[in-house]
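Colleague: This is the structure, below, for whatever I ask next.
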Amino acid sequence: MRKKRLLARTPVLLCLLLATLFSYAQNKTVTGKITDQKDGSPLAGVSIVPKGSARGTSSAPDGSFSIIVTASTRTLIISSIGYGSKQVDITGDIVNVQLTATNASMNEVIVVGYGTQRKREVTGAISRVGGDKISEIPVPSFEAALAGRAPGVQIIQGNGLAGSGSVVRIRGVGSISASGDPLYVVDGTPIIADPFLRGNGGAMNQNPLSSINPNDIESIEILKDAGATGIYGSRGANGVILITTKRGRSGKPQFAYSNKLGIATYTKKLDFVDGPQWLQLRQEAWLNDGHTGYATLPQGLTWAQASQSNTNWWDLLTQKGFIDDHSLSMSAGPGKLKTFANLTYSDDQGYLKNNAYSRIGARLNMDYNVLSNLKISLTSAYNRGTNKRVHAAWDGGIGDAMSSALPIYAVYNPSHSDYYRTTTNPVISLNEYRRRQTDQRLLGGLALEYQPIHNLFVRGNFSIENTRSDDDQFNTPQLDSSKHTGFAQRSANWGTNETANLTANYLWNPGEQHKFNFLLGSELQDYTRKGYSTDPITMNTNQPFWENSGQYNRLRDSLFAAKVPITEVAQERFTFNSFFARINYTFHDRYSFQLIGRVDGSSKFGTNHKHGFFPAASAAWNISDEDFMKDIPQLSYLKLRASYGIVGNANFGSGLYYDKYNRGTNTYNGLPTLYLNGLGNPDLKWETLHNVDAAAEFGFFNNRLTGELAYYYKTTTNIILNPGVSPSIGFTSIYRNLNNSKILNQGLEFSANLKVFDGKDVKWSVGGNIARNQNKVLEYELGPDAVSGGTNDTRIVKGLPVGVNYLVRFHGVDPSDGLPIWLDKNGKQTKTFSLDHRAYVGAVQPDYFGGFNTSLQYKGLELSSLFTFVIGGNIYENSAKYQFLGVSKKFWNFRKDFLDHWTNPGDIARYPRLVADAASYPGVPSEDQFNSTMFLRSASYLRMRELTIAYRVPRAALKNLFFKDFRVFATGTNLLTFTKYPGGDPEITRDFENSQDRNLSPNITYLTAPTQKTFVFGINANF
Amino acid sequence: MLIFKTTNMNLHKINKINILIIGALVMAGSCSKFLDRPPQGQLSKDQVFATDSNIVALGNGIYTYLGDGNFTGGRVQVLSDVLADQLDGSNLTGDFSEIYKRQNSIFGGTRDDLYKKGYLIIATSNNILENLQAVSADHQAIAKGQALFFRAMAHFELVRLFAQPYGYSSDNSHPGIPLRLTTATNSIPRSTVKQVYDQVIADLKSADSILPADAEDGGKFYTATKWIAEAYLAKVYFQQNDFANAFLYADQVIRSGKFQLDVDFTSRYSLGATKEAILRLPNEVNHFQPGSEFISNWRSDTKFPTLYFTSQFYNYATGDPADKRTAWYSNTIKPGYNSLTKFNFNYMEQPLTHLTEIYLIRAEAGAELGGASLATSVTDINLILTRAFGGTSRNLSGAATASAVIVAARTQRELEMVGEGNRLQEIKRIGVRAGNSIDRRGSPWNCNGFILQFPKAEQDANASFQLNPEGGCF
């Protein structure tokens, strides 16, 4: 099927290309490439004019140009703003030119959707992060390395499980049930990045991004406003992250090898009381509730039995993990062919025993100039991530160590012949349960770039992303004492994501001062992910499937041959069909204007709204080039820019607008069953975002101080909501666009970089960024509990930010009896708890966040550091209420910070008296309904994200050696954290149930494993 | 293949051709089918209501809901027992704990799931009823009768848990539950208890008039017959203390002769053994397995039971060693726990209403009616007693008074139907009948917390939705 479709499209593309293959007969054609002298990067939009002629051309996005000149022409005038002008003699058919920047930052080439632009002409809000910043620190997944690097881009690093994904929010969140995650585009292909492909299995969201190889990344551009994301239409609302991979450079083959070796541990852990103290506290709670004698213990345990164990479960489940990362790459560009190849192996064991994420990656990118005006580019990569999973959070493992695995529980029975199985025992699953999730991604793209005529660039790109995920679980015979054989299962799915786009780019310079760039394009995307109708496939066996794939294959084949055969079923499929246009106009090299329009059709949209139109307009003014600014000597660069546009959010599931009737997997009395499982909605469509951005980009003191100040105002309407329907209709959710709904995100971003010293031997720079986002639900008609983020305690309320904490206010402890004092709705003190007392007391979104960095260089020695910070916002410790009630009949571990509780009349204590039953606090219905500000914390923290010390061996010393460049370094991540948060690590990405949970409940923790802390050392060598 | 002779002269022409080709490619993409990706593995409404077999299958799906752990496959009965007065609730946590304490609050998945499942039965039933025109005449009566029965039983089970009982107010104008008779998705307010009962009775009577007397499965009663509609009519009227109608319908079910009391009282939940079930939900190995919630909460042989009795009730129920039903109890299988052994199975078959209950309804209703019915009542109660004691030693005399029969019927009902969620509604029905509370835990029968709270979501969808007042039972 897939091949057929590809073939069906190919002739059209071929016709297009063949139709335009022609040669010029009369004048001579000069081709070549313009590059930056500094780093060899291609320069686009450079003016190339034959001396003595008025008509010239501009270089293509890859720096290439082709110009027809009269036979008598001897010289070309090459000029570009920020690079000055250069006269070059025509000595042959090919003229390659290197230009030297007069103002480097202004001329930086920025990747924009479907092309590149020079920074000074960019009219949208785009932050660029270089690949060196991505690959230099060990992170569970590449996006975590963006933390603190780009203003307005909030990264909450994944938790301590190896390979876990971060929450990425670009300029706030404007969605409730639809995803607030950005669109990820790798080399022009929108990739599959949905963290819910496997739901929340095992208390971890599968992170498809973790298989992306950080060592492949040349740069990441983060598109933030409509001026930038408008070209992505219905998928631009949450921002777009463009990942550009490395390509081969001209010249002789160059090799690079880098590695990292080190260890991983946890940033901060929670401290719990030991066995004897737990028993003592249990007895205290028991007596407090008016009971007499010895307190009852869980699962019929006697005090004598309990006193025999004092197990430290945390220590039994954790380790110092080993980090091991090697990357070998080659870049070569002899003649017409340029190649980049990379091989990477990495293994991050993490600090949890038996947990590890390893990745192998291979990349081959090739560019071949078939003709001076025809280039074929191959972009291909294979990545395989293997995640050795362990139970976590509510699913056990380290989660048990923080909850129901009490120190008074034994690991083994008294004779040590078996595990002790009556009480919670995470060591059993640590030893007897294994899970291995293997994610493979093959991303291949073939692009043809053709310049049929002067200034017209046609580019056709076809790419396929194949993903395959095998989630294997295996129970040894010892996991469950009643079983005599092991048990293996595999849940497999595989996806194909095809994208084809065709763009035509026409440069038109109707006069010296006018430059136009027209882009017209269309794009098709077709995604299907399949699995088996029986999932997982299971069998009783003593070998896991990953050790014996033949066993699995035979079983699967037998199921295909069964009387009721299994089938391949599409789990998800969607299509996009898009047309887009962009016009850029630059006047006087000073005023830039951009218009974007995109029409998106998608199978995700209901039958009544199949297509949407998304326009955006933006402008930039390089005001420092104006005569009236020339008088300010300190000012080296000032650009003002503004944009307005309408973009959409189509980041929600497929096929949601259909009524859902499913055939049952069960029969009733041997007869088939059928179920009505959901109601459809043909009106379902994208969310609409109106986006305004205004900013100033500046440079002072000869650009030693550079930076940007930006303001944005975004309102999202037609908000997609799934829950909030009356449950008596038989369903609790219907995907629909809410009437009268509006969410505001407005904010300020500031970033600056200062070169304090910029000497020959000593260089010192400091930089940083800070962003303030005001998030507010402007219009919303449902009640406060209609949307509760799945498993957390945050809410959506008109007039307040998305994800507010709606809790009973805890005022303090009554010194006379130790009972908690609450505040009722009116702020009046009461000792009777009630859910009616709940009030809006906080929000999970921070007031400010950002990062700052510094780098000090002395000759070859470099010390650099990055700090990230969050100011304001709240963390709700959803598991702390149970940890506080640990010595009640909830029977959980008791945290040491709760030792500050009331014990005797007159005590001034932070926490109330202990109880054996939560309902002993007047009005508390049960321990589940004990949510209050007692466990609401400030989310502020400052973290030393990275500290690197590196030494680059001087070139002179390498002269007679094999190496061209040699650097050694040592890096620590998350070494220091400054916070008042008592619950461990303040950077919290818990396991989420769905996108809504992810939007509403970052900063809600439930037995979340703390983030990794790592120390590595390594080398970078070029030869 | 296209070959162009090219010179500078025709540059413009080529340019136009290029644009045309690009245009053609763009158009090729706009095929409407390309934007159509119906989810696989599911059917549309049109596809479902195209064949009778699909509609039958939709009905079969509802049968599995009846045995579903979230609804009458245990949750309804378990929460009733947690609210009632036989259990020791001191180790219950979470939702069970607050329901036990009769202070059920606005949140709680255990309760919400029950509510959702009940209304899913109603929604699916309405979905069938709204599309009956698609069903062939052969199947229409059964499809309609089943759907009406399902809708009635779900409304009845829900109104008993979420609203104060019938008789709480003199005209039963107190708030009941949302009465859903269509698949419309708007929020609707609570109907009065009277409106709900009237609709339940109307639906059951319609079902009674069109359902067959014999199930197609040859006496297994795996699907609904008119007798399950009548059994429910007997239950509904009995709950209303409408003894004449309760007697009438119980009598019709008994006299149908389709059902027999099991000789051995333990076979009621055994696989394939019971003759008592008016509607029987069969267990299928590796397929539909009813009653999971009974097993998971009561089971006491392979694990510590979640639910177990107070010593007071345990002693009461096991006080007469001659009673063979004392085999249902043990305080040694898990020392320290007064356990029930009735559901110590891996799998069970579930009768949705059994003949024992129908006999007990006829017995009590007959005694309440007096006159000629009293003799029937004595015979009925003695059938139960004879089975329980393995002989006639505890039987009532033929001259037993009406009040003695009522006392015996109530006692035997509690003992026979232990663990079946019966006691809660008896406390309420007798409260309405007698005006006093028989609750062993000392709550008034009509206190606020003696019913479940609605899911908060009802009020979030519509601020004017009236929630129940909470607590106040102790």
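How things are named: the first chain in the structure tokens is A, the next is B, and so on; residues count from 1 in each chain; ligands count from 1 in the order shown.
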Please determine the contact residues of chain B with respect to chain A at a cut-off of 6 Å, counting only C-alpha atoms, and supply them as a list in words.
Modeller: Leu2, Thr6, Leu35, Asp36, Arg37, Pro38, Pro39, Gln40, Gln42, Leu43, Ser44, Ala57, Leu58, Asn60, Gly61, Gly94, Glu98, Lys116, Tyr119, Leu120, Ala123, Thr185, Ser187, His287, Phe288, Ala457, Glu458, Asp460 and Ala461 of chain B
Colleague: Give me every helix (DSSP H, G or I) residue in stretch 164-239 of chain B, going by DSSP on the backbone, as a ChimeraX atom specification.
Modeller: /B:193-210,226-239
Colleague: Those residues with N, CA and C atoms, as a short mmCIF file (atom, residue, chain, number, x, y, z; two decimals), in the first residue's frame please?
Modeller:
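Saved to result-v5.cif:
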data_model
loop_
_atom_site.label_atom_id
_atom_site.label_comp_id
_atom_site.auth_asym_id
_atom_site.auth_seq_id
_atom_site.Cartn_x
_atom_site.Cartn_y
_atom_site.Cartn_z
N VAL B 193 -38.78 11.65 42.97
CA VAL B 193 -38.77 10.20 43.18
C VAL B 193 -40.04 9.58 42.60
N LYS B 194 -41.14 10.29 42.73
CA LYS B 194 -42.39 9.76 42.16
C LYS B 194 -42.28 9.60 40.64
N GLN B 195 -41.76 10.64 40.00
CA GLN B 195 -41.62 10.56 38.54
C GLN B 195 -40.73 9.39 38.13
N VAL B 196 -39.65 9.18 38.88
CA VAL B 196 -38.74 8.09 38.53
C VAL B 196 -39.44 6.75 38.71
N TYR B 197 -40.10 6.55 39.87
CA TYR B 197 -40.78 5.27 40.10
C TYR B 197 -41.89 5.05 39.08
N ASP B 198 -42.63 6.11 38.76
CA ASP B 198 -43.71 5.95 37.77
C ASP B 198 -43.15 5.48 36.44
N GLN B 199 -42.02 6.09 36.05
CA GLN B 199 -41.42 5.70 34.76
C GLN B 199 -40.88 4.28 34.81
N VAL B 200 -40.26 3.94 35.94
CA VAL B 200 -39.71 2.58 36.08
C VAL B 200 -40.85 1.56 35.94
N ILE B 201 -41.95 1.84 36.62
CA ILE B 201 -43.07 0.90 36.57
C ILE B 201 -43.66 0.84 35.15
N ALA B 202 -43.76 2.01 34.52
CA ALA B 202 -44.31 2.02 33.16
C ALA B 202 -43.42 1.23 32.22
N ASP B 203 -42.11 1.44 32.33
CA ASP B 203 -41.18 0.70 31.46
C ASP B 203 -41.27 -0.80 31.71
N LEU B 204 -41.33 -1.18 33.00
CA LEU B 204 -41.37 -2.61 33.33
C LEU B 204 -42.67 -3.23 32.84
N LYS B 205 -43.75 -2.50 32.95
CA LYS B 205 -45.02 -3.05 32.47
C LYS B 205 -45.00 -3.22 30.95
N SER B 206 -44.45 -2.24 30.26
CA SER B 206 -44.32 -2.39 28.80
C SER B 206 -43.46 -3.59 28.47
N ALA B 207 -42.35 -3.71 29.20
CA ALA B 207 -41.44 -4.84 28.95
C ALA B 207 -42.17 -6.15 29.21
N ASP B 208 -42.93 -6.18 30.32
CA ASP B 208 -43.69 -7.38 30.68
C ASP B 208 -44.64 -7.78 29.56
N SER B 209 -45.22 -6.77 28.91
CA SER B 209 -46.24 -7.08 27.91
C SER B 209 -45.63 -7.57 26.60
N ILE B 210 -44.38 -7.27 26.35
CA ILE B 210 -43.83 -7.69 25.04
C ILE B 210 -42.72 -8.73 25.12
N LYS B 226 -40.42 -12.11 30.30
CA LYS B 226 -41.40 -11.30 31.02
C LYS B 226 -41.25 -11.49 32.52
N TRP B 227 -40.66 -12.62 32.94
CA TRP B 227 -40.59 -12.91 34.39
C TRP B 227 -39.59 -12.01 35.10
N ILE B 228 -38.52 -11.62 34.41
CA ILE B 228 -37.60 -10.71 35.09
C ILE B 228 -38.24 -9.32 35.20
N ALA B 229 -39.06 -8.95 34.19
CA ALA B 229 -39.77 -7.68 34.30
C ALA B 229 -40.74 -7.74 35.47
N GLU B 230 -41.41 -8.88 35.63
CA GLU B 230 -42.37 -9.00 36.74
C GLU B 230 -41.65 -9.11 38.09
N ALA B 231 -40.53 -9.79 38.10
CA ALA B 231 -39.76 -9.87 39.35
C ALA B 231 -39.35 -8.47 39.79
N TYR B 232 -38.91 -7.67 38.83
CA TYR B 232 -38.54 -6.30 39.18
C TYR B 232 -39.76 -5.49 39.58
N LEU B 233 -40.91 -5.76 38.93
CA LEU B 233 -42.13 -5.05 39.37
C LEU B 233 -42.42 -5.39 40.83
N ALA B 234 -42.25 -6.67 41.17
CA ALA B 234 -42.47 -7.07 42.57
C ALA B 234 -41.51 -6.34 43.49
N LYS B 235 -40.25 -6.25 43.07
CA LYS B 235 -39.26 -5.56 43.91
C LYS B 235 -39.60 -4.08 44.05
N VAL B 236 -39.99 -3.46 42.94
CA VAL B 236 -40.27 -2.02 42.96
C VAL B 236 -41.48 -1.74 43.85
N TYR B 237 -42.52 -2.52 43.66
CA TYR B 237 -43.73 -2.29 44.47
C TYR B 237 -43.45 -2.59 45.95
N PHE B 238 -42.67 -3.61 46.19
CA PHE B 238 -42.33 -3.95 47.58
C PHE B 238 -41.55 -2.80 48.21
N GLN B 239 -40.62 -2.24 47.44
CA GLN B 239 -39.86 -1.09 47.95
C GLN B 239 -40.79 0.07 48.26
#
Colleague: So that I can check the surroundings of B:Thr376, please list as a PyMOL selection string every protein, DNA and RNA residue that reaches within 9 Å of it, counting only C-alpha atoms and ignoring chain neighbours fewer than 5 positions away.
Modeller: chain B and resi 362-363+366-367+381
Colleague: Using atom CA of B:Gly370 and atom CA of B:Leu355 as the two end points, give the distance in Å to one decimal.
Modeller: 21.8 Å
Colleague: Need to verify the contact set: A:Trp508, 7 Å, only C-alpha atoms, exclusion of same-chain residues closer than 3 positions in sequence. Can you return it as a list of chain:residue names?
Modeller: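 That gives A:Lys515, A:Phe516, A:Asn517.
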Colleague: Got time to write the residues from that selection, C-alpha atoms, as a PDB file, in the first residue's frame?
Modeller:
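Result went into out14.pdb, see below:
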ATOM      1  CA  LYS A 515      13.552  42.585  -2.694  1.00  0.00           C
ATOM      2  CA  PHE A 516      10.712  40.128  -2.874  1.00  0.00           C
ATOM      3  CA  ASN A 517      10.695  36.478  -1.960  1.00  0.00           C
TER       4      ASN A 517
END
Colleague: Give me the residues within 6 Å of stretch 975-984 of chain A as a tab-separated table (two decimals) with C-alpha atoms, in the first residue's frame, counting only C-alpha atoms and dropping any in the same chain fewer than 2 places off.
Modeller:
chain	number	residue	atom	x	y	z
A	268	LYS	CA	17.26	15.13	46.12
A	269	LYS	CA	15.47	12.38	47.92
A	270	LEU	CA	12.79	12.28	50.53
A	941	TYR	CA	13.98	27.24	42.86
A	942	LEU	CA	17.38	28.03	41.49
A	943	ARG	CA	19.32	25.20	40.00
A	944	MET	CA	22.86	24.88	38.82
A	973	THR	CA	24.30	18.54	35.71
Colleague: Between atom CA of A:Phe474 and atom CA of A:Asn431, what is the distance, to one decimal in Å?
Modeller: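 So the answer is 11.0 Å.
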Colleague: What gap, in Å, lies between atom CA of A:Ala71 and atom CA of A:Gly335?
Modeller: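 These atoms are spaced 25.3 Å apart.
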Colleague: At a cut-off of 8 Å, using only C-alpha atoms, what residues contact B:Thr182? Leave out same-chain residues fewer than 3 positions from it and give the result as a ChimeraX atom specification.
Modeller: /B:123,126-127,130
Colleague: Next, the residues of the selection above should be written as an mmCIF file, in the first residue's frame with C-alpha atoms.
Modeller:
data_model
loop_
_atom_site.group_PDB
_atom_site.id
_atom_site.type_symbol
_atom_site.label_atom_id
_atom_site.label_comp_id
_atom_site.auth_asym_id
_atom_site.auth_seq_id
_atom_site.Cartn_x
_atom_site.Cartn_y
_atom_site.Cartn_z
ATOM 1 C CA ALA B 123 -27.979 5.563 27.265
ATOM 2 C CA ASN B 126 -32.264 4.660 24.732
ATOM 3 C CA ASN B 127 -29.987 4.369 21.724
ATOM 4 C CA GLU B 130 -34.539 5.443 19.301
#
Colleague: List the spatial neighbours of A:Gly172 as number ranges by chain - criterion: any atom at most 8 Å away, only C-alpha atoms, same-chain residues fewer than 4 positions off excluded.
Modeller: A: 152, 154, 745, 773-775
Colleague: Restricted to C-alpha atoms, what would the selected residues look like written as a JSON list (two decimals), in the first residue's frame?
Modeller:
[["chain", "number", "residue", "atom", "x", "y", "z"],
["A", 152, "GLY", "CA", 9.77, 32.08, 27.03],
["A", 154, "GLN", "CA", 9.70, 26.55, 29.72],
["A", 745, "ASN", "CA", -1.32, 34.21, 27.56],
["A", 773, "ASN", "CA", 3.82, 34.83, 31.39],
["A", 774, "GLN", "CA", 0.41, 35.86, 32.55],
["A", 775, "ASN", "CA", -2.02, 33.07, 31.95]]
